[in-house]
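Undergrad: Here you go, this is structure-v6.txt (compact mmCIF, C-alpha atoms).
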# COMPACT_ATOMS: atom_id res chain seq x y z
CA MET A 957 10.68 22.72 0.38
CA ASN A 958 9.76 23.71 3.94
CA LEU A 959 9.64 21.84 7.24
CA LEU A 960 6.49 21.73 9.36
CA GLN A 961 5.97 20.28 12.83
CA PHE A 962 2.75 18.92 14.32
CA PRO A 963 2.22 17.64 17.88
CA ALA A 964 0.55 14.29 18.48
CA GLY A 965 -3.20 14.44 17.85
CA ASP A 966 -3.11 17.43 15.51
CA THR A 967 -4.93 17.33 12.18
CA ILE A 968 -2.59 18.03 9.27
CA PHE A 969 -5.44 18.34 6.80
CA ALA A 970 -9.13 17.41 6.72
CA PRO A 971 -11.68 16.65 3.97
CA GLY A 972 -12.45 19.78 2.02
CA ASP A 973 -9.14 21.49 2.83
CA LEU A 974 -7.27 22.96 -0.10
CA ALA A 975 -4.77 20.46 -1.51
CA ALA A 976 -1.83 22.79 -2.04
CA ARG A 977 1.21 20.63 -1.21
CA ALA A 978 2.48 17.11 -0.68
CA PHE A 979 4.16 15.92 2.51
CA GLN A 980 7.02 13.57 3.36
CA ILE A 981 7.45 12.34 6.93
CA GLN A 982 10.87 13.09 8.39
CA SER A 983 10.03 11.75 11.85
CA GLY A 984 6.97 10.45 13.67
CA ARG A 985 3.83 8.66 12.45
CA VAL A 986 0.74 9.82 10.55
CA ASP A 987 -2.62 8.09 10.03
CA LEU A 988 -4.80 8.67 6.99
CA LEU A 989 -8.48 8.38 7.90
CA ARG A 990 -11.76 8.28 5.99
CA ARG A 991 -14.86 9.41 7.83
CA THR A 992 -18.28 8.04 7.02
CA ALA A 993 -21.64 8.93 8.50
CA SER A 994 -21.21 6.37 11.27
CA GLU A 995 -17.49 5.82 11.82
CA THR A 996 -13.88 6.67 11.04
CA ILE A 997 -11.89 4.13 9.01
CA GLN A 998 -8.11 3.96 8.99
CA VAL A 999 -6.84 4.01 5.39
CA ALA A 1000 -3.07 3.91 5.97
CA GLN A 1001 -0.44 4.04 8.69
CA LEU A 1002 2.60 6.05 7.61
CA GLY A 1003 6.07 6.50 9.04
CA PRO A 1004 9.42 8.18 8.24
CA GLY A 1005 10.11 8.43 4.51
CA ASP A 1006 6.48 7.96 3.49
CA VAL A 1007 4.81 10.52 1.22
CA PHE A 1008 1.16 11.54 1.40
CA GLY A 1009 -1.03 14.18 -0.24
CA GLU A 1010 0.89 13.51 -3.47
CA MET A 1011 -2.15 13.98 -5.73
CA SER A 1012 -2.08 17.69 -4.87
CA LEU A 1013 1.01 17.91 -7.11
CA ILE A 1014 -1.06 17.21 -10.24
CA GLU A 1015 -4.64 18.25 -9.40
CA GLU A 1016 -6.39 20.96 -7.38
CA ARG A 1017 -9.24 18.97 -5.88
CA PRO A 1018 -9.67 19.36 -2.10
CA HIS A 1019 -8.49 16.60 0.20
CA SER A 1020 -10.93 13.72 0.68
CA LEU A 1021 -9.17 12.17 3.70
CA THR A 1022 -8.02 13.29 7.12
CA ALA A 1023 -4.30 13.21 7.93
CA ARG A 1024 -3.65 13.10 11.68
CA ALA A 1025 -0.37 13.14 13.59
CA MET A 1026 -0.26 10.01 15.77
CA SER A 1027 2.95 11.22 17.43
CA ASN A 1028 4.98 14.40 17.24
CA VAL A 1029 5.85 14.65 13.55
CA GLU A 1030 8.14 16.67 11.35
CA LEU A 1031 7.16 16.95 7.69
CA SER A 1032 8.89 18.32 4.63
CA THR A 1033 6.53 19.84 2.08
CA LEU A 1034 6.50 20.23 -1.68
CA THR A 1035 4.16 22.63 -3.46
CA ARG A 1036 2.85 22.15 -6.98
CA THR A 1037 5.02 25.05 -8.21
CA GLU A 1038 8.16 23.55 -6.65
CA PHE A 1039 7.29 20.17 -8.16
CA GLU A 1040 7.04 21.64 -11.65
CA GLN A 1041 10.31 23.55 -11.22
CA PHE A 1042 12.26 20.54 -9.92
CA LEU A 1043 10.97 18.32 -12.74
CA THR A 1044 13.18 20.27 -15.13
CA SER A 1045 15.93 21.64 -12.88
CA ASP A 1046 16.57 18.90 -10.28
CA PRO A 1047 14.40 15.80 -10.85
CA ALA A 1048 16.51 13.69 -8.47
CA ARG A 1049 14.96 15.60 -5.56
CA LEU A 1050 11.53 14.29 -6.57
CA GLN A 1051 12.19 10.54 -6.52
CA ASP A 1052 10.19 9.83 -3.34
CA TYR A 1053 7.26 11.92 -4.54
CA LEU A 1054 7.32 10.29 -7.98
CA ARG A 1055 7.33 6.84 -6.38
CA ALA A 1056 4.22 7.79 -4.40
CA LEU A 1057 2.51 9.13 -7.53
CA PHE A 1058 3.31 5.99 -9.52
CA GLU A 1059 2.00 3.83 -6.68
CA ARG A 1060 -1.24 5.81 -6.65
CA LEU A 1061 -1.59 5.26 -10.41
CA ARG A 1062 -1.04 1.53 -9.95
CA GLY A 1063 -3.80 1.47 -7.35
CA LEU A 1064 -6.17 3.36 -9.63
CA SER A 1065 -5.39 0.93 -12.44
CA ALA A 1066 -6.18 -2.00 -10.16
CA GLN A 1067 -9.44 -0.36 -9.14
CA LEU A 1068 -10.49 0.09 -12.77
CA ASP A 1069 -9.55 -3.51 -13.60
CA SER A 1070 -11.49 -4.85 -10.63
CA ALA A 1071 -14.57 -2.87 -11.61
CA ALA A 1072 -14.33 -4.00 -15.24
CA GLY A 1073 -13.97 -7.67 -14.28
CA SER A 1074 -16.84 -7.68 -11.80
CA PRO A 1075 -20.52 -8.10 -12.64
CA VAL A 1076 -21.27 -5.13 -10.41
CA PRO A 1077 -19.50 -1.73 -10.22
CA ALA A 1078 -16.86 -1.06 -7.58
CA ASP A 1079 -18.10 0.58 -4.41
CA ALA A 1080 -16.96 4.17 -4.65
CA SER A 1081 -17.10 4.59 -0.86
CA ALA A 1082 -14.64 1.75 -0.18
CA VAL A 1083 -11.27 2.65 1.17
CA PHE A 1084 -9.49 0.17 -1.13
CA PRO A 1085 -10.57 -1.32 -4.50
CA ILE A 1086 -12.98 -3.86 -2.96
CA VAL A 1087 -16.16 -4.35 -5.00
CA ARG A 1088 -19.70 -4.54 -3.73
CA ARG A 1089 -19.77 -8.29 -3.26
CA VAL A 1090 -17.84 -7.89 0.02
CA GLU A 1091 -20.40 -5.50 1.52
CA ALA A 1092 -22.36 -8.37 3.06
CA GLU A 1093 -19.18 -9.54 4.79
CA VAL A 1094 -18.65 -6.05 6.20
CA GLN A 1095 -22.06 -6.14 7.83
CA THR A 1096 -21.64 -9.58 9.38
CA ILE A 1097 -18.27 -8.79 10.96
CA HIS A 1098 -19.04 -5.20 11.98
CA ALA A 1099 -19.07 -6.08 15.68
CA LYS A 1100 -15.56 -7.54 15.42
CA ARG A 1101 -13.96 -4.64 13.62
CA GLN A 1102 -12.94 -2.87 16.81
CA GLU A 1103 -10.54 -5.72 17.54
CA GLU A 1104 -7.05 -5.31 16.15
CA LEU A 1105 -6.01 -7.79 13.49
CA VAL A 1106 -2.56 -9.27 14.01
CA VAL A 1107 -0.98 -10.20 10.69
CA THR A 1108 2.28 -12.17 10.45
CA LEU A 1109 4.12 -13.21 7.30
CA TYR A 1110 6.07 -16.51 7.43
CA PRO A 1111 8.37 -18.11 4.82
CA LEU A 1112 7.41 -21.52 3.43
CA THR A 1113 10.44 -22.02 1.16
CA ARG A 1114 14.19 -21.52 1.43
CA ARG A 1115 14.12 -18.64 -1.03
CA ALA A 1116 11.44 -16.88 1.02
CA ALA A 1117 13.38 -17.57 4.22
CA ALA A 1118 16.35 -15.68 2.77
CA THR A 1119 14.35 -12.49 3.30
CA LEU A 1120 12.02 -13.26 6.22
CA PRO A 1121 12.84 -14.48 9.74
CA LEU A 1122 11.67 -18.05 10.36
CA ASP A 1123 9.59 -16.90 13.32
CA GLY A 1124 7.68 -14.51 11.06
CA LEU A 1125 7.54 -10.85 10.11
CA PRO A 1126 4.74 -8.85 11.79
CA VAL A 1127 2.91 -6.52 9.42
CA THR A 1128 2.52 -3.24 11.27
CA LYS A 1129 1.60 -0.78 8.48
CA TYR A 1130 -0.84 -0.69 5.58
CA PRO A 1131 -0.60 -0.81 2.71
CA PHE A 1132 2.31 -3.26 3.03
CA ARG A 1133 3.95 -3.46 -0.41
CA ILE A 1134 6.05 -6.34 -1.75
CA GLY A 1135 8.26 -6.30 -4.84
CA ARG A 1136 11.50 -7.38 -6.45
CA ALA A 1137 14.76 -5.65 -5.56
CA ALA A 1138 16.63 -4.16 -8.50
CA GLU A 1139 19.67 -6.02 -9.77
CA GLU A 1140 23.07 -4.34 -9.82
CA HIS A 1141 22.86 -3.44 -13.52
CA GLU A 1142 19.36 -1.96 -13.17
CA PRO A 1143 18.81 1.72 -12.34
CA ARG A 1144 17.38 2.61 -8.96
CA PRO A 1145 13.66 2.04 -9.51
CA LEU A 1146 10.82 4.40 -8.80
CA ASP A 1147 9.22 1.68 -6.71
CA LEU A 1148 7.66 1.84 -3.28
CA ASN A 1149 8.07 -1.43 -1.35
CA ASP A 1150 8.17 -2.42 2.30
CA LEU A 1151 9.48 -5.93 1.58
CA TRP A 1152 12.13 -6.31 -1.13
CA LEU A 1153 12.67 -9.82 -2.52
CA VAL A 1154 15.86 -10.83 -4.35
CA ASP A 1155 14.94 -12.89 -7.42
CA ARG A 1156 16.91 -14.45 -10.28
CA MET A 1157 15.99 -14.82 -13.94
CA PRO A 1158 13.56 -16.05 -15.08
CA PHE A 1159 11.86 -13.75 -12.61
CA ASN A 1160 8.82 -14.79 -10.59
CA ILE A 1161 8.68 -11.47 -8.75
CA SER A 1162 7.79 -8.17 -10.42
CA ARG A 1163 9.25 -4.91 -9.20
CA ASN A 1164 5.79 -3.95 -7.92
CA HIS A 1165 4.12 -7.24 -7.15
CA ALA A 1166 1.66 -7.31 -4.25
CA SER A 1167 0.31 -5.35 -1.32
CA LEU A 1168 -1.53 -6.22 1.86
CA GLU A 1169 -4.43 -3.83 2.43
CA GLN A 1170 -6.55 -3.16 5.51
CA THR A 1171 -10.18 -2.96 4.37
CA PRO A 1172 -13.55 -2.71 6.11
CA ALA A 1173 -13.98 -6.46 5.55
CA GLY A 1174 -10.57 -7.45 6.90
CA ILE A 1175 -7.16 -7.94 5.25
CA ALA A 1176 -6.95 -8.17 1.46
CA ILE A 1177 -4.03 -8.94 -0.83
CA GLN A 1178 -3.88 -6.98 -4.07
CA ASP A 1179 -1.86 -7.51 -7.23
CA ARG A 1180 0.00 -4.31 -8.16
CA GLY A 1181 0.32 -5.04 -11.87
CA SER A 1182 2.68 -8.05 -11.78
CA SER A 1183 3.31 -10.11 -14.91
CA LEU A 1184 2.68 -13.54 -13.33
CA GLY A 1185 0.25 -12.71 -10.54
CA ILE A 1186 -0.34 -14.31 -7.15
CA PHE A 1187 -1.89 -17.57 -5.97
CA VAL A 1188 -3.93 -16.93 -2.82
CA ASN A 1189 -5.24 -20.10 -1.17
CA GLU A 1190 -5.02 -21.71 -4.65
CA ALA A 1191 -7.00 -18.91 -6.35
CA HIS A 1192 -5.17 -16.89 -9.01
CA ILE A 1193 -5.22 -13.09 -9.02
CA GLY A 1194 -3.26 -10.69 -11.22
CA GLY A 1195 -1.17 -11.78 -14.19
CA GLY A 1196 -3.58 -13.24 -16.73
CA SER A 1197 -6.47 -13.39 -14.25
CA PRO A 1198 -9.25 -10.78 -14.44
CA HIS A 1199 -9.19 -10.53 -10.65
CA ARG A 1200 -6.77 -8.19 -8.93
CA TYR A 1201 -7.43 -8.80 -5.22
CA ALA A 1202 -8.55 -11.48 -2.77
CA MET A 1203 -9.71 -11.34 0.83
CA LEU A 1204 -7.52 -13.26 3.27
CA GLU A 1205 -9.12 -15.55 5.82
CA GLU A 1206 -8.65 -15.36 9.55
CA GLY A 1207 -6.20 -18.07 10.47
CA GLU A 1208 -3.84 -19.54 7.86
CA ASN A 1209 -3.41 -18.40 4.26
CA THR A 1210 -0.99 -19.66 1.62
CA VAL A 1211 0.35 -17.08 -0.82
CA ILE A 1212 2.60 -17.82 -3.81
CA LEU A 1213 4.14 -14.95 -5.76
CA GLY A 1214 4.61 -15.79 -9.44
CA MET A 1215 4.17 -19.24 -11.00
CA PRO A 1216 2.46 -22.08 -9.06
CA MET A 1217 5.87 -23.68 -8.34
CA SER A 1218 7.57 -20.37 -7.54
CA PRO A 1219 10.19 -20.52 -4.76
CA TYR A 1220 8.52 -17.48 -3.17
CA GLN A 1221 5.84 -19.08 -1.05
CA PHE A 1222 4.53 -17.63 2.19
CA ARG A 1223 2.11 -18.32 4.99
CA ILE A 1224 0.09 -15.35 6.21
CA HIS A 1225 -1.43 -15.83 9.64
CA ILE A 1226 -4.26 -13.51 10.71
CA ALA A 1227 -5.55 -13.45 14.28
CA ARG A 1228 -7.54 -11.07 16.47
CA ASN A 1229 -5.75 -9.45 19.35
Show me the file's structure as C-alpha cells.
TA:
Amino acid sequence: MNLLQFPAGDTIFAPGDLAARAFQIQSGRVDLLRRTASETIQVAQLGPGDVFGEMSLIEERPHSLTARAMSNVELSTLTRTEFEQFLTSDPARLQDYLRALFERLRGLSAQLDSAAGSPVPADASAVFPIVRRVEAEVQTIHAKRQEELVVTLYPLTRRAAATLPLDGLPVTKYPFRIGRAAEEHEPRPLDLNDLWLVDRMPFNISRNHASLEQTPAGIAIQDRGSSLGIFVNEAHIGGGSPHRYAMLEEGENTVILGMPMSPYQFRIHIARN
C-alpha cells in the first residue's frame, strides 16, 4: 500500500483511465463525477476513511467516472495484486475495502430488483438506480438543479432522538447510509454506514437498511436490502415490496424504518438554498 497526494482541483482518475488500484482517503475530500454530453453530475462526496475505485480490485474495466480532489488530499492505495495477497495473508487489512465492495454489490442488487419490478428497463445512464419513469421529472426541474438542496434529518420518536439531535442532522454527503449498530456479542460487521442506530430485538433496523441518494431528479431514499423495508410518506419500499427506492419531496417527508409502528421514525426536510 502506497500513499499519494493530490492538490485541490487535480483529477485522480478520469473515464477511460486504467483501473489498476483502489483508493482510501486519509485526509481531504474527493468528488466522484459523471459527465454527460451536456453537463457534469456529482455522484458522491467522499471524505476521510471512504474508499473509491474498489471495483478495480476484481475487474479490469477502465474507470467510468471522474474522481477529483476537492481539497488537498492524501490517499492510500491498494492494487489488485496486493488485494489478492492480503486476502490470504492479512485479511484484517482489507476490511474497509471489503465493506466498499459489499456496498457496491448491494447497490447493484437494488438496481437489478428495481429494473425487474418496473414495467420499463432501468435507465443505464442514471447515476443511481432510478428507472425511466423519473426522466420526465428531470426535464421539468432542470432549471432548478443548479440550486443546492439542503437536507436535514429530524427525529420523530424518542428512540430516534437517542441518535439524532432534536434540532436535526444536516446531510452533507451522498450516499448517506443508515443501518443498525452491531450488538456486543456480534462481530464487527463489514458494513458501511454514516448513521448507526441502536436497536433491540425484535429488530426493526437491518445492519444495512437505507441510504439517501442525490439523483438528477432530486433526493431519493433507497432500501439496501433490509428485511422489513421502509415506509416513505406512507408508501412501502424494500422488505416484501417490489420497489426499492422512492423520490423524496421538497418540503416535509416522513420516513419509518422497519414496521409501520417502528420506534425509528424520522422527518426529512428538503429545501433549496
Undergrad: If you take only C-alpha atoms and a cut-off of 8 Å, which residues of region 1092-1201 of chain A touch region 993-1011 of chain A, and what are their nearest atom pairs and distances in Å to one decimal, in chain and number order, as a Markdown table?
TA:
| residue | atom | partner | partner_atom | distance |
| --- | --- | --- | --- | --- |
| A:Lys1129 | CA | A:Gln1001 | CA | 5.2 |
| A:Tyr1130 | CA | A:Ala1000 | CA | 5.1 |
| A:Pro1131 | CA | A:Ala1000 | CA | 6.2 |
| A:Gln1170 | CA | A:Val999 | CA | 7.2 |
| A:Thr1171 | CA | A:Val999 | CA | 7.8 |
| A:Pro1172 | CA | A:Ile997 | CA | 7.6 |
Undergrad: May I have the selected residues written with C-alpha atoms, as a compact mmCIF listing (two decimals), keeping the file's coordinate frame?
TA:
# COMPACT_ATOMS: atom_id res chain seq x y z
CA LYS A 1129 1.60 -0.78 8.48
CA TYR A 1130 -0.84 -0.69 5.58
CA PRO A 1131 -0.60 -0.81 2.71
CA GLN A 1170 -6.55 -3.16 5.51
CA THR A 1171 -10.18 -2.96 4.37
CA PRO A 1172 -13.55 -2.71 6.11
Undergrad: Would you compute the distance between CA of His1019 (chain A) and CA of Gln1178 (chain A)? Give it in Å to one decimal.
TA: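 Atom-to-atom, CA of His1019 (chain A) to CA of Gln1178 (chain A), that is 24.4 Å.
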Undergrad: Please give the centre and size of the box around region 1000-1004 of chain A (axis-aligned, containing every atom listed in the file, 5 Å added per side), with values in Å to one decimal and written as JSON.
TA:
{"center_x": 3.2, "center_y": 6.0, "center_z": 7.5, "size_x": 22.5, "size_y": 14.3, "size_z": 13.1}
Undergrad: Nearest residue to Tyr1201 (chain A) out of A:Gly1174, A:Ala1166, A:Phe962, A:Met1217, using only C-alpha atoms?
TA: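 Ranked by minimum distance to Tyr1201 (chain A), first place goes to A:Ala1166.
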Undergrad: Write out as number ranges by chain which residues come within 9 Å of region 1187-1197 of chain A when counting all atoms listed in the file, dropping same-chain ones fewer than 6 positions away.
TA: A: 1177-1181, 1203-1204, 1209-1216
Undergrad: Could you model N, CA and C atoms for region 1164-1183 of chain A and present them as a PDB file, keeping the file's coordinate frame?
TA:
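Here's the written file result-v3.pdb:
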ATOM      1  N   ASN A1164       6.940  -4.347  -8.734  1.00  0.00           N
ATOM      2  CA  ASN A1164       5.790  -3.950  -7.920  1.00  0.00           C
ATOM      3  C   ASN A1164       4.807  -5.106  -7.983  1.00  0.00           C
ATOM      4  N   HIS A1165       4.837  -5.978  -6.990  1.00  0.00           N
ATOM      5  CA  HIS A1165       4.120  -7.240  -7.150  1.00  0.00           C
ATOM      6  C   HIS A1165       2.807  -7.295  -6.372  1.00  0.00           C
ATOM      7  N   ALA A1166       2.850  -7.079  -5.074  1.00  0.00           N
ATOM      8  CA  ALA A1166       1.660  -7.310  -4.250  1.00  0.00           C
ATOM      9  C   ALA A1166       1.613  -6.293  -3.121  1.00  0.00           C
ATOM     10  N   SER A1167       0.445  -6.150  -2.535  1.00  0.00           N
ATOM     11  CA  SER A1167       0.310  -5.350  -1.320  1.00  0.00           C
ATOM     12  C   SER A1167      -0.759  -5.946  -0.419  1.00  0.00           C
ATOM     13  N   LEU A1168      -0.525  -5.860   0.871  1.00  0.00           N
ATOM     14  CA  LEU A1168      -1.530  -6.220   1.860  1.00  0.00           C
ATOM     15  C   LEU A1168      -2.267  -4.945   2.238  1.00  0.00           C
ATOM     16  N   GLU A1169      -3.595  -5.006   2.197  1.00  0.00           N
ATOM     17  CA  GLU A1169      -4.430  -3.830   2.430  1.00  0.00           C
ATOM     18  C   GLU A1169      -5.378  -4.086   3.591  1.00  0.00           C
ATOM     19  N   GLN A1170      -5.579  -3.074   4.417  1.00  0.00           N
ATOM     20  CA  GLN A1170      -6.550  -3.160   5.510  1.00  0.00           C
ATOM     21  C   GLN A1170      -7.856  -2.560   5.001  1.00  0.00           C
ATOM     22  N   THR A1171      -8.906  -3.388   4.918  1.00  0.00           N
ATOM     23  CA  THR A1171     -10.180  -2.960   4.370  1.00  0.00           C
ATOM     24  C   THR A1171     -11.275  -3.092   5.420  1.00  0.00           C
ATOM     25  N   PRO A1172     -12.451  -2.536   5.162  1.00  0.00           N
ATOM     26  CA  PRO A1172     -13.550  -2.710   6.110  1.00  0.00           C
ATOM     27  C   PRO A1172     -13.914  -4.162   6.363  1.00  0.00           C
ATOM     28  N   ALA A1173     -13.627  -5.049   5.398  1.00  0.00           N
ATOM     29  CA  ALA A1173     -13.980  -6.460   5.550  1.00  0.00           C
ATOM     30  C   ALA A1173     -12.860  -7.285   6.168  1.00  0.00           C
ATOM     31  N   GLY A1174     -11.698  -6.703   6.366  1.00  0.00           N
ATOM     32  CA  GLY A1174     -10.570  -7.450   6.900  1.00  0.00           C
ATOM     33  C   GLY A1174      -9.309  -7.135   6.113  1.00  0.00           C
ATOM     34  N   ILE A1175      -8.417  -8.125   5.966  1.00  0.00           N
ATOM     35  CA  ILE A1175      -7.160  -7.940   5.250  1.00  0.00           C
ATOM     36  C   ILE A1175      -7.302  -8.518   3.847  1.00  0.00           C
ATOM     37  N   ALA A1176      -6.927  -7.733   2.854  1.00  0.00           N
ATOM     38  CA  ALA A1176      -6.950  -8.170   1.460  1.00  0.00           C
ATOM     39  C   ALA A1176      -5.530  -8.155   0.921  1.00  0.00           C
ATOM     40  N   ILE A1177      -5.278  -8.996  -0.087  1.00  0.00           N
ATOM     41  CA  ILE A1177      -4.030  -8.940  -0.830  1.00  0.00           C
ATOM     42  C   ILE A1177      -4.373  -8.497  -2.244  1.00  0.00           C
ATOM     43  N   GLN A1178      -3.597  -7.551  -2.759  1.00  0.00           N
ATOM     44  CA  GLN A1178      -3.880  -6.980  -4.070  1.00  0.00           C
ATOM     45  C   GLN A1178      -2.667  -7.133  -4.978  1.00  0.00           C
ATOM     46  N   ASP A1179      -2.907  -7.500  -6.222  1.00  0.00           N
ATOM     47  CA  ASP A1179      -1.860  -7.510  -7.230  1.00  0.00           C
ATOM     48  C   ASP A1179      -1.618  -6.075  -7.696  1.00  0.00           C
ATOM     49  N   ARG A1180      -0.348  -5.688  -7.809  1.00  0.00           N
ATOM     50  CA  ARG A1180       0.000  -4.310  -8.160  1.00  0.00           C
ATOM     51  C   ARG A1180       0.417  -4.172  -9.627  1.00  0.00           C
ATOM     52  N   GLY A1181      -0.021  -5.100 -10.453  1.00  0.00           N
ATOM     53  CA  GLY A1181       0.320  -5.040 -11.870  1.00  0.00           C
ATOM     54  C   GLY A1181       1.451  -5.978 -12.232  1.00  0.00           C
ATOM     55  N   SER A1182       1.600  -7.096 -11.495  1.00  0.00           N
ATOM     56  CA  SER A1182       2.680  -8.050 -11.780  1.00  0.00           C
ATOM     57  C   SER A1182       2.409  -8.808 -13.075  1.00  0.00           C
ATOM     58  N   SER A1183       3.464  -9.384 -13.649  1.00  0.00           N
ATOM     59  CA  SER A1183       3.310 -10.110 -14.910  1.00  0.00           C
ATOM     60  C   SER A1183       2.769 -11.520 -14.707  1.00  0.00           C
TER      61      SER A1183
END
